[in-house]
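Shown next: run02.cif, containing mmCIF, C-alpha atoms.
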```cif
data_entry
#
loop_
_atom_site.label_atom_id
_atom_site.label_comp_id
_atom_site.auth_asym_id
_atom_site.auth_seq_id
_atom_site.Cartn_x
_atom_site.Cartn_y
_atom_site.Cartn_z
CA MET Z 442 -8.26 5.45 17.60
CA ALA Z 443 -8.52 2.25 19.65
CA THR Z 444 -7.30 2.22 23.24
CA ASP Z 445 -4.55 -0.18 24.27
CA THR Z 446 -7.14 -2.49 25.83
CA GLU Z 447 -9.31 -2.44 22.70
CA MET Z 448 -6.31 -3.07 20.46
CA THR Z 449 -5.20 -6.02 22.57
CA ALA Z 450 -8.70 -7.53 22.40
CA ARG Z 451 -8.90 -7.09 18.63
CA VAL Z 452 -5.45 -8.53 17.97
CA THR Z 453 -6.21 -11.45 20.28
CA ALA Z 454 -9.38 -12.17 18.30
CA LEU Z 455 -7.40 -11.92 15.05
CA CYS Z 456 -4.82 -14.44 16.27
CA LYS Z 457 -7.59 -16.87 17.19
CA ARG Z 458 -9.13 -16.54 13.72
CA LEU Z 459 -5.77 -17.12 12.05
CA PHE Z 460 -4.31 -19.87 14.23
CA GLY Z 461 -7.19 -21.43 16.14
CA GLU Z 462 -9.19 -20.76 19.29
CA SER Z 463 -6.42 -22.09 21.51
CA CYS Z 464 -4.02 -19.35 20.30
CA THR Z 465 -3.00 -16.75 22.86
CA LEU Z 466 -1.48 -13.32 22.29
CA GLU Z 467 1.77 -12.41 24.02
CA ASN Z 468 4.18 -9.46 23.95
CA LEU Z 469 2.07 -7.01 21.93
CA VAL Z 470 4.28 -3.92 21.67
CA CYS Z 471 3.83 -0.77 19.58
CA LEU Z 472 7.19 -0.22 17.90
CA THR Z 473 6.58 2.92 15.86
CA GLY Z 474 3.89 5.34 14.80
CA GLY Z 475 5.46 6.45 11.54
CA ALA Z 476 4.28 8.80 8.83
CA SER Z 477 2.11 6.19 7.12
CA LYS Z 478 1.91 3.11 9.39
CA THR Z 479 1.80 2.10 13.02
CA THR Z 480 3.85 -1.04 13.64
CA TYR Z 481 3.36 -3.62 16.38
CA ALA Z 482 5.39 -6.68 17.33
CA LEU Z 483 3.55 -9.67 18.79
CA ASP Z 484 3.79 -13.37 19.47
CA ALA Z 485 0.92 -15.70 18.56
CA VAL Z 486 1.33 -18.76 20.79
CA THR Z 487 -0.25 -22.17 20.18
CA LYS Z 488 0.59 -25.60 21.54
CA GLU Z 489 2.49 -26.36 18.36
CA ALA Z 490 4.49 -23.15 17.88
CA THR Z 491 5.17 -19.56 18.81
CA ARG Z 492 4.83 -17.32 15.78
CA ALA Z 493 6.81 -14.07 15.89
CA LEU Z 494 4.79 -11.54 13.91
CA ILE Z 495 4.59 -7.91 12.84
CA LEU Z 496 1.30 -6.07 12.49
CA GLN Z 497 1.30 -2.91 10.40
CA VAL Z 498 -1.78 -0.68 10.41
CA SER Z 499 -2.06 2.14 7.89
CA GLN Z 500 -2.74 5.55 9.35
CA SER Z 501 -5.76 7.33 7.95
CA THR Z 502 -5.11 10.38 5.81
CA THR Z 503 -7.42 13.05 4.46
CA PRO Z 504 -7.80 13.38 0.67
CA ARG Z 505 -5.86 16.64 0.85
CA GLU Z 506 -2.99 14.99 2.70
CA ALA Z 507 -2.87 12.12 0.19
CA GLU Z 508 -2.83 14.59 -2.69
CA GLY Z 509 0.16 16.29 -1.09
CA ASP Z 510 2.30 13.16 -0.88
CA VAL Z 511 5.54 13.55 -2.82
CA ILE Z 512 5.01 10.01 -4.15
CA PRO Z 513 1.53 8.37 -4.31
CA ARG Z 514 1.08 5.58 -1.74
CA LEU Z 515 -0.41 2.15 -2.32
CA SER Z 516 -3.39 0.74 -0.49
CA ALA Z 517 -2.63 -1.92 2.12
CA CYS Z 518 -3.86 -4.67 -0.23
CA SER Z 519 -1.62 -3.49 -3.07
CA ASP Z 520 1.28 -3.04 -0.65
CA ALA Z 521 0.91 -6.67 0.45
CA ALA Z 522 0.49 -7.84 -3.15
CA VAL Z 523 3.72 -6.22 -4.32
CA GLN Z 524 5.62 -7.80 -1.41
CA GLN Z 525 4.27 -11.22 -2.35
CA PHE Z 526 5.22 -10.53 -5.97
CA ALA Z 527 8.73 -9.53 -4.91
CA GLN Z 528 9.16 -12.61 -2.73
CA HIS Z 529 8.02 -14.84 -5.59
CA ASN Z 530 10.71 -13.27 -7.77
CA GLY Z 531 13.55 -13.77 -5.31
CA VAL Z 532 13.60 -10.53 -3.32
CA PRO Z 533 14.00 -11.05 0.45
CA VAL Z 534 10.87 -9.73 2.16
CA PRO Z 535 8.93 -10.68 5.30
CA GLU Z 536 6.29 -13.29 4.45
CA ILE Z 537 2.75 -11.85 4.42
CA VAL Z 538 0.53 -13.92 6.74
CA HIS Z 539 -2.75 -12.01 6.52
CA VAL Z 540 -4.20 -8.86 4.97
CA LEU Z 541 -6.59 -7.12 7.38
CA ASP Z 542 -10.26 -6.94 6.48
CA ALA Z 543 -13.38 -5.38 7.98
CA GLN Z 544 -14.03 -8.42 10.19
CA ASP Z 545 -10.75 -7.80 12.01
CA GLY Z 546 -11.90 -4.36 13.19
CA ILE Z 547 -8.32 -3.05 13.28
CA GLY Z 548 -8.13 -0.96 10.13
CA THR Z 549 -6.21 -1.47 6.91
CA GLY Z 550 -2.86 -3.22 6.92
CA TYR Z 551 -1.38 -6.68 7.19
CA VAL Z 552 0.38 -9.22 9.38
CA SER Z 553 3.81 -10.56 8.39
CA ARG Z 554 6.49 -12.81 9.83
CA ARG Z 555 8.93 -11.04 12.13
CA ILE Z 556 12.55 -11.15 11.04
CA ASP Z 557 15.34 -10.50 13.51
CA GLY Z 558 17.98 -7.95 12.66
CA GLU Z 559 18.93 -4.27 12.60
CA THR Z 560 16.86 -1.61 10.82
CA LEU Z 561 18.52 1.61 12.02
CA GLY Z 562 20.49 3.02 9.09
CA GLY Z 563 23.14 4.71 11.22
CA ARG Z 564 24.07 1.47 12.96
CA ILE Z 565 24.20 -0.38 9.65
CA ALA Z 566 26.37 2.29 7.99
CA ARG Z 567 28.68 3.09 10.93
CA GLY Z 568 28.23 0.61 13.75
CA ASP Z 569 31.12 -1.65 14.74
CA ALA Z 570 28.77 -4.65 14.87
CA TYR Z 571 28.24 -4.41 11.08
CA GLU Z 572 31.79 -3.63 9.99
CA THR Z 573 32.28 -7.10 8.48
CA VAL Z 574 28.80 -7.06 6.90
CA ARG Z 575 29.06 -3.77 5.01
CA PRO Z 576 31.33 -5.09 2.21
CA TRP Z 577 28.58 -7.57 1.25
CA LEU Z 578 25.66 -5.16 1.29
CA VAL Z 579 26.23 -3.50 -2.09
CA GLU Z 580 26.17 -6.85 -3.88
CA GLN Z 581 23.16 -8.06 -1.87
CA CYS Z 582 21.20 -4.85 -2.53
CA ALA Z 583 22.09 -5.00 -6.21
CA ARG Z 584 20.94 -8.62 -6.37
CA ALA Z 585 17.60 -7.75 -4.76
CA LEU Z 586 17.05 -4.83 -7.13
CA ALA Z 587 18.02 -6.85 -10.19
CA ALA Z 588 15.56 -9.60 -9.20
CA LEU Z 589 12.78 -7.03 -8.79
CA HIS Z 590 13.55 -5.06 -11.94
CA THR Z 591 13.78 -8.10 -14.24
CA ALA Z 592 10.49 -9.62 -13.01
CA ASP Z 593 7.59 -9.83 -15.48
CA THR Z 594 5.48 -6.72 -14.95
CA ARG Z 595 2.22 -8.04 -16.44
CA GLN Z 596 0.83 -9.31 -13.14
CA ALA Z 597 1.87 -6.15 -11.30
CA GLN Z 598 -0.07 -3.92 -13.70
CA ALA Z 599 -3.26 -4.85 -11.84
CA TRP Z 600 -2.21 -3.11 -8.61
CA LEU Z 601 0.69 -0.77 -9.39
CA PRO Z 602 0.43 2.66 -11.03
CA GLN Z 603 2.81 3.48 -13.87
CA VAL Z 604 4.67 6.66 -12.93
CA SER Z 605 7.30 8.32 -15.11
CA ALA Z 606 9.88 10.92 -14.15
CA HIS Z 607 7.74 13.55 -15.89
CA ASP Z 608 4.70 12.46 -13.85
CA LEU Z 609 6.65 12.81 -10.62
CA LEU Z 610 8.07 16.19 -11.59
CA GLU Z 611 4.57 17.45 -12.31
CA ARG Z 612 3.52 16.22 -8.89
CA PHE Z 613 6.53 18.01 -7.36
CA ARG Z 614 5.56 21.22 -9.14
CA ARG Z 615 1.98 21.06 -7.87
CA GLN Z 616 3.25 20.56 -4.33
CA VAL Z 617 5.43 23.67 -4.53
CA ASP Z 618 2.56 25.68 -6.01
CA ARG Z 619 0.17 24.59 -3.25
CA ALA Z 620 2.73 25.56 -0.63
CA SER Z 621 3.00 29.10 -2.07
CA PHE Z 622 6.70 28.75 -1.35
CA GLU Z 623 9.28 30.64 -3.41
CA HIS Z 624 12.79 29.23 -3.22
CA PRO Z 625 15.17 30.05 -6.12
CA ALA Z 626 17.37 26.98 -5.63
CA LEU Z 627 14.37 24.64 -5.58
CA GLU Z 628 12.88 26.32 -8.66
CA TRP Z 629 16.16 25.94 -10.56
CA ALA Z 630 16.47 22.32 -9.48
CA LEU Z 631 12.98 21.44 -10.75
CA SER Z 632 13.72 23.16 -14.05
CA TRP Z 633 17.03 21.30 -14.44
CA LEU Z 634 15.45 17.94 -13.69
CA SER Z 635 12.71 18.55 -16.27
CA LYS Z 636 15.27 19.36 -18.97
CA HIS Z 637 17.52 16.35 -18.32
CA VAL Z 638 15.12 13.41 -17.90
CA PRO Z 639 16.95 10.35 -19.29
CA ASP Z 640 15.27 7.95 -21.68
CA ALA Z 641 13.98 5.02 -19.66
CA ALA Z 642 15.55 1.79 -20.88
CA HIS Z 643 12.44 -0.12 -19.87
CA VAL Z 644 9.58 -0.06 -17.38
CA ALA Z 645 10.02 -2.25 -14.31
CA VAL Z 646 8.50 -2.79 -10.88
CA CYS Z 647 10.27 -0.22 -8.69
CA HIS Z 648 10.38 -0.31 -4.90
CA GLY Z 649 10.21 3.47 -4.62
CA ASP Z 650 11.93 3.76 -1.22
CA PHE Z 651 14.85 1.35 -1.49
CA ARG Z 652 17.42 2.72 0.95
CA ASN Z 653 19.42 2.08 4.08
CA GLY Z 654 16.89 2.36 6.91
CA ASN Z 655 14.32 0.28 5.03
CA PHE Z 656 16.32 -2.94 5.34
CA ILE Z 657 16.66 -5.63 7.97
CA VAL Z 658 20.34 -6.54 8.26
CA GLY Z 659 21.89 -9.33 10.29
CA PRO Z 660 25.34 -10.91 10.66
CA ASP Z 661 24.74 -12.55 7.28
CA GLY Z 662 23.87 -9.24 5.58
CA LEU Z 663 20.59 -8.23 3.95
CA ARG Z 664 17.70 -10.25 5.37
CA ALA Z 665 14.67 -8.32 4.16
CA VAL Z 666 13.56 -5.25 2.24
CA LEU Z 667 10.80 -3.27 3.99
CA ASP Z 668 8.35 -0.44 3.28
CA TRP Z 669 6.85 -1.16 -0.15
CA GLU Z 670 3.98 1.34 -0.07
CA LEU Z 671 5.66 3.64 -2.64
CA ALA Z 672 6.15 0.93 -5.27
CA SER Z 673 5.21 1.69 -8.88
CA LEU Z 674 5.99 0.81 -12.49
CA GLY Z 675 8.70 3.10 -13.80
CA ASP Z 676 12.35 3.63 -14.63
CA PRO Z 677 14.29 1.15 -12.45
CA THR Z 678 17.33 3.42 -12.20
CA GLN Z 679 15.36 5.53 -9.74
CA ASP Z 680 15.80 2.80 -7.11
CA LEU Z 681 19.58 2.80 -7.55
CA GLY Z 682 19.76 6.58 -7.41
CA TRP Z 683 17.62 6.79 -4.25
CA LEU Z 684 19.90 4.27 -2.52
CA CYS Z 685 22.81 6.67 -3.14
CA VAL Z 686 21.22 9.87 -1.78
CA ARG Z 687 23.54 11.24 0.92
CA SER Z 688 20.78 11.49 3.53
CA TRP Z 689 20.61 7.66 3.52
CA ARG Z 690 24.34 7.26 4.20
CA PHE Z 691 23.81 8.35 7.81
CA GLY Z 692 27.13 10.14 8.11
CA ALA Z 693 29.23 7.45 6.40
CA SER Z 694 31.33 8.27 3.33
CA PRO Z 695 30.57 5.56 0.72
CA GLU Z 696 27.98 6.83 -1.77
CA CYS Z 697 25.81 3.71 -1.86
CA GLY Z 698 23.90 3.58 1.43
CA GLY Z 699 27.01 4.40 3.43
CA PHE Z 700 28.53 1.00 2.64
CA GLY Z 701 29.78 0.99 -0.98
CA SER Z 702 30.59 3.00 -4.10
CA ARG Z 703 28.37 3.94 -7.03
CA GLU Z 704 30.71 2.01 -9.31
CA ALA Z 705 30.35 -1.13 -7.20
CA LEU Z 706 26.56 -0.78 -7.23
CA ILE Z 707 26.42 -0.50 -11.03
CA ALA Z 708 28.82 -3.43 -11.53
CA SER Z 709 27.05 -5.67 -8.99
CA TYR Z 710 23.63 -4.84 -10.45
CA ARG Z 711 24.79 -5.81 -13.94
CA LYS Z 712 26.44 -8.99 -12.63
CA ALA Z 713 23.16 -9.96 -10.92
CA GLY Z 714 21.26 -9.70 -14.20
CA GLY Z 715 20.14 -6.08 -14.20
CA ARG Z 716 20.36 -3.98 -17.35
CA PRO Z 717 23.46 -1.83 -17.88
CA VAL Z 718 23.23 1.49 -16.03
CA ALA Z 719 25.14 4.55 -17.20
CA MET Z 720 26.80 6.58 -14.44
CA ARG Z 721 25.21 9.70 -15.92
CA ASP Z 722 21.72 8.22 -15.46
CA LEU Z 723 22.52 7.11 -11.92
CA LEU Z 724 23.68 10.64 -11.06
CA TYR Z 725 20.47 12.08 -12.53
CA TRP Z 726 18.28 9.87 -10.37
CA GLU Z 727 20.42 10.57 -7.31
CA ALA Z 728 19.99 14.30 -7.97
CA PHE Z 729 16.28 13.68 -8.48
CA GLY Z 730 16.18 11.90 -5.12
CA ASN Z 731 17.70 14.88 -3.37
CA VAL Z 732 14.99 17.17 -4.71
CA ARG Z 733 12.37 14.60 -3.72
CA TRP Z 734 13.73 14.61 -0.16
CA ALA Z 735 13.90 18.42 -0.13
CA LEU Z 736 10.21 18.52 -1.05
CA HIS Z 737 9.40 16.08 1.72
CA CYS Z 738 11.16 18.42 4.18
CA LEU Z 739 9.08 21.28 2.81
CA ARG Z 740 5.87 19.30 3.17
CA ARG Z 741 6.65 18.40 6.78
CA GLY Z 742 7.10 22.11 7.47
CA ILE Z 743 3.69 23.13 6.12
CA ARG Z 744 1.48 20.10 6.72
CA HIS Z 745 0.05 21.58 9.92
CA ARG Z 746 -1.61 24.38 7.95
CA GLN Z 747 -2.81 22.06 5.17
CA ALA Z 748 -4.29 19.35 7.39
CA GLY Z 749 -5.11 21.14 10.61
CA ARG Z 750 -2.34 19.39 12.55
CA ASP Z 751 -0.44 20.86 15.47
CA PHE Z 752 2.97 22.14 14.41
CA SER Z 753 5.57 19.97 16.12
CA VAL Z 754 9.24 20.41 16.96
CA GLU Z 755 9.94 17.37 14.80
CA ASP Z 756 8.22 18.95 11.78
CA ALA Z 757 10.18 22.17 12.29
CA GLY Z 758 13.45 20.26 12.58
CA ILE Z 759 12.84 18.29 9.40
CA ALA Z 760 11.68 21.40 7.52
CA ARG Z 761 14.91 23.27 8.20
CA ARG Z 762 16.85 20.44 6.51
CA LEU Z 763 15.52 21.56 3.13
CA ALA Z 764 18.89 23.17 2.36
CA GLU Z 765 20.92 19.97 2.84
CA PRO Z 766 19.54 17.88 -0.05
CA LEU Z 767 19.48 20.97 -2.28
CA TYR Z 768 23.19 21.46 -1.56
CA ASP Z 769 23.78 17.81 -2.47
CA PHE Z 770 21.75 18.30 -5.66
CA PHE Z 771 24.04 21.08 -6.87
CA GLN Z 772 27.15 19.04 -6.13
CA LEU Z 773 25.74 16.24 -8.30
CA VAL Z 774 24.91 18.66 -11.12
CA LYS Z 775 28.60 19.58 -11.21
CA GLN Z 776 29.50 15.89 -11.63
CA TYR Z 777 26.79 15.39 -14.24
CA GLY Z 778 28.36 18.07 -16.45
#
```
The structure in this file should be written as structure tokens.
Amino acid sequence: MATDTEMTARVTALCKRLFGESCTLENLVCLTGGASKTTYALDAVTKEATRALILQVSQSTTPREAEGDVIPRLSACSDAAVQQFAQHNGVPVPEIVHVLDAQDGIGTGYVSRRIDGETLGGRIARGDAYETVRPWLVEQCARALAALHTADTRQAQAWLPQVSAHDLLERFRRQVDRASFEHPALEWALSWLSKHVPDAAHVAVCHGDFRNGNFIVGPDGLRAVLDWELASLGDPTQDLGWLCVRSWRFGASPECGGFGSREALIASYRKAGGRPVAMRDLLYWEAFGNVRWALHCLRRGIRHRQAGRDFSVEDAGIARRLAEPLYDFFQLVKQYG
């Protein structure tokens, strides 16, 4: 891992390659070191302009860690490509400026334009500053999803895997088996999901992690959709269901992201040009999302023994939340009938 001094030197050199030798680097700040990426904010300053940028560098994972992912992750190049595809088709995303290569000496990742706004889901769902914005967000999210899901998939086939519900459930099952973890509620949930997979109306480009917390929101509402590394070709209803998972409401009551109802999401999605979505199918994919999140909690609890990591308080705290999404799953099964 590069030191702060080394990172500053490498990013400075990158800015000069991108914007000219007179470019200077200012305000390089590490914002997060998340599960899959480390994110930096920076300003690239030339005589003509100051460019506010974001640098995202993918964290290296071992083959065993990658195999254990609940959802397979894209390479940095494919991640950038799907964002450019989405932007071309009318989805608000940060503009990709540069995809890192070996010459940059930074790792794998990309540079994008920095967009001002809020990303913390709790503030978006419950904060007073966004009270007047929340009524717009369901329609804006539905419009973004409809634009993505109705885009021609032929170009995306070159860099996106096609992943069905059955494929994901098989991946879930392998993860549980590797963990040697017996949990009756989780076993029943996986069995129920396998028996009730809805027929996919069509295959579309799916974001894979479309939820409150992966948006940039401003006074005008939704400004950008972030975190595309889980994108795939699949049943588009999965994106709508994931948006409704209770964990992404951040303590607010409305089912859709903490800012709207399921009914409003379905109606707005159809109005924006998306295919009709049956409430029963939405509930299935919301239930599916809860099991997906439960498995992520499980993985965080055991990853230290699978990858030789130190066991952290954060991992332990996330692991104990396994019961919450499983509880939500069973409540949804009651509604499903």
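If you count all atoms listed in the file and ignore residues fewer than 4 places along the chain from Z:Gln525, what sits within 9 Å of it is Z:Asp520, Z:Ala521, Z:His529, Z:Asn530, Z:Val534, Z:Pro535, Z:Glu536, Z:Ile537.
Our summary of the geometry notes that atom CA of Z:Asp545 is positioned 24.2 Å from atom CA of Z:Phe526.
For the pair atom CA of Z:Leu773 and atom CA of Z:Glu628, the interatomic distance is 16.3 Å.
Compared by their closest atoms to Z:Ala626, and using only C-alpha atoms, the residues Z:Gly778, Z:Pro513, Z:Gly654, Z:Pro766 rank with Z:Pro766 nearest.
Minimum distance to Z:Glu559 across Z:Leu610, Z:Val666, Z:Val486, Z:Ala599 (counting all atoms listed in the file) occurs at Z:Val666.
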* Asked: Excluding same-chain residues fewer than 4 positions from stretch 579-594 of chain Z, what lies within 6 Å of it counting all atoms listed in the file, as a ChimeraX atom specification?
  -> /Z:532,645-646,701,706,709-710,713-715
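Among Z:Gln603, Z:Gln596, Z:Ser688, Z:Leu496, the residue with the shortest atom-to-atom distance to Z:Gly562, counting all atoms listed in the file, is Z:Ser688.
Between Z:Arg741 and the candidates Z:Gly548, Z:Gly675, Z:Gly758, Z:Gly699, the tightest atom-to-atom separation, counting all atoms listed in the file, involves Z:Gly758.
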Could you list as a PyMOL selection string every residue that has an atom within 12 Å of (8.9, 25.5, -4.0), using the file's coordinates and counting all atoms listed in the file?
chain Z and resi 612-632+732-733+735-740+743+763+767
With C-alpha atoms retained, could you export that selection as a PDB file, keeping the file's coordinate frame?
```pdb
ATOM      1  CA  ARG Z 612       3.520  16.220  -8.890  1.00  0.00           C
ATOM      2  CA  PHE Z 613       6.530  18.010  -7.360  1.00  0.00           C
ATOM      3  CA  ARG Z 614       5.560  21.220  -9.140  1.00  0.00           C
ATOM      4  CA  ARG Z 615       1.980  21.060  -7.870  1.00  0.00           C
ATOM      5  CA  GLN Z 616       3.250  20.560  -4.330  1.00  0.00           C
ATOM      6  CA  VAL Z 617       5.430  23.670  -4.530  1.00  0.00           C
ATOM      7  CA  ASP Z 618       2.560  25.680  -6.010  1.00  0.00           C
ATOM      8  CA  ARG Z 619       0.170  24.590  -3.250  1.00  0.00           C
ATOM      9  CA  ALA Z 620       2.730  25.560  -0.630  1.00  0.00           C
ATOM     10  CA  SER Z 621       3.000  29.100  -2.070  1.00  0.00           C
ATOM     11  CA  PHE Z 622       6.700  28.750  -1.350  1.00  0.00           C
ATOM     12  CA  GLU Z 623       9.280  30.640  -3.410  1.00  0.00           C
ATOM     13  CA  HIS Z 624      12.790  29.230  -3.220  1.00  0.00           C
ATOM     14  CA  PRO Z 625      15.170  30.050  -6.120  1.00  0.00           C
ATOM     15  CA  ALA Z 626      17.370  26.980  -5.630  1.00  0.00           C
ATOM     16  CA  LEU Z 627      14.370  24.640  -5.580  1.00  0.00           C
ATOM     17  CA  GLU Z 628      12.880  26.320  -8.660  1.00  0.00           C
ATOM     18  CA  TRP Z 629      16.160  25.940 -10.560  1.00  0.00           C
ATOM     19  CA  ALA Z 630      16.470  22.320  -9.480  1.00  0.00           C
ATOM     20  CA  LEU Z 631      12.980  21.440 -10.750  1.00  0.00           C
ATOM     21  CA  SER Z 632      13.720  23.160 -14.050  1.00  0.00           C
ATOM     22  CA  VAL Z 732      14.990  17.170  -4.710  1.00  0.00           C
ATOM     23  CA  ARG Z 733      12.370  14.600  -3.720  1.00  0.00           C
ATOM     24  CA  ALA Z 735      13.900  18.420  -0.130  1.00  0.00           C
ATOM     25  CA  LEU Z 736      10.210  18.520  -1.050  1.00  0.00           C
ATOM     26  CA  HIS Z 737       9.400  16.080   1.720  1.00  0.00           C
ATOM     27  CA  CYS Z 738      11.160  18.420   4.180  1.00  0.00           C
ATOM     28  CA  LEU Z 739       9.080  21.280   2.810  1.00  0.00           C
ATOM     29  CA  ARG Z 740       5.870  19.300   3.170  1.00  0.00           C
ATOM     30  CA  ILE Z 743       3.690  23.130   6.120  1.00  0.00           C
ATOM     31  CA  LEU Z 763      15.520  21.560   3.130  1.00  0.00           C
ATOM     32  CA  LEU Z 767      19.480  20.970  -2.280  1.00  0.00           C
TER      33      LEU Z 767
END
```
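Of the residues under consideration (Z:His637, Z:Arg564, Z:His539, Z:Arg703), Z:Arg703 shows the shortest atom-to-atom contact distance to Z:Val686 when counting only C-alpha atoms.
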Applied to the shown file, which residues does the PyMOL selection byres ((chain Z and resi 467-482) around 7) return, written as a tab-separated table (two decimals) with C-alpha atoms, in the coordinates of the input?
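Result went into expr_2.tsv, see below:
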```tsv
chain	number	residue	atom	x	y	z
Z	465	THR	CA	-3.00	-16.75	22.86
Z	466	LEU	CA	-1.48	-13.32	22.29
Z	483	LEU	CA	3.55	-9.67	18.79
Z	484	ASP	CA	3.79	-13.37	19.47
Z	485	ALA	CA	0.92	-15.70	18.56
Z	494	LEU	CA	4.79	-11.54	13.91
Z	495	ILE	CA	4.59	-7.91	12.84
Z	496	LEU	CA	1.30	-6.07	12.49
Z	497	GLN	CA	1.30	-2.91	10.40
Z	498	VAL	CA	-1.78	-0.68	10.41
Z	499	SER	CA	-2.06	2.14	7.89
Z	500	GLN	CA	-2.74	5.55	9.35
```
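The space between atom CA of Z:Arg652 and atom CA of Z:Thr678 spans 13.2 Å.
Taking all atoms listed in the file into account, Z:Pro677 lies nearest to Z:Ser605 out of the set Z:Ser694, Z:Ser605, Z:Ser635, Z:Ser516.
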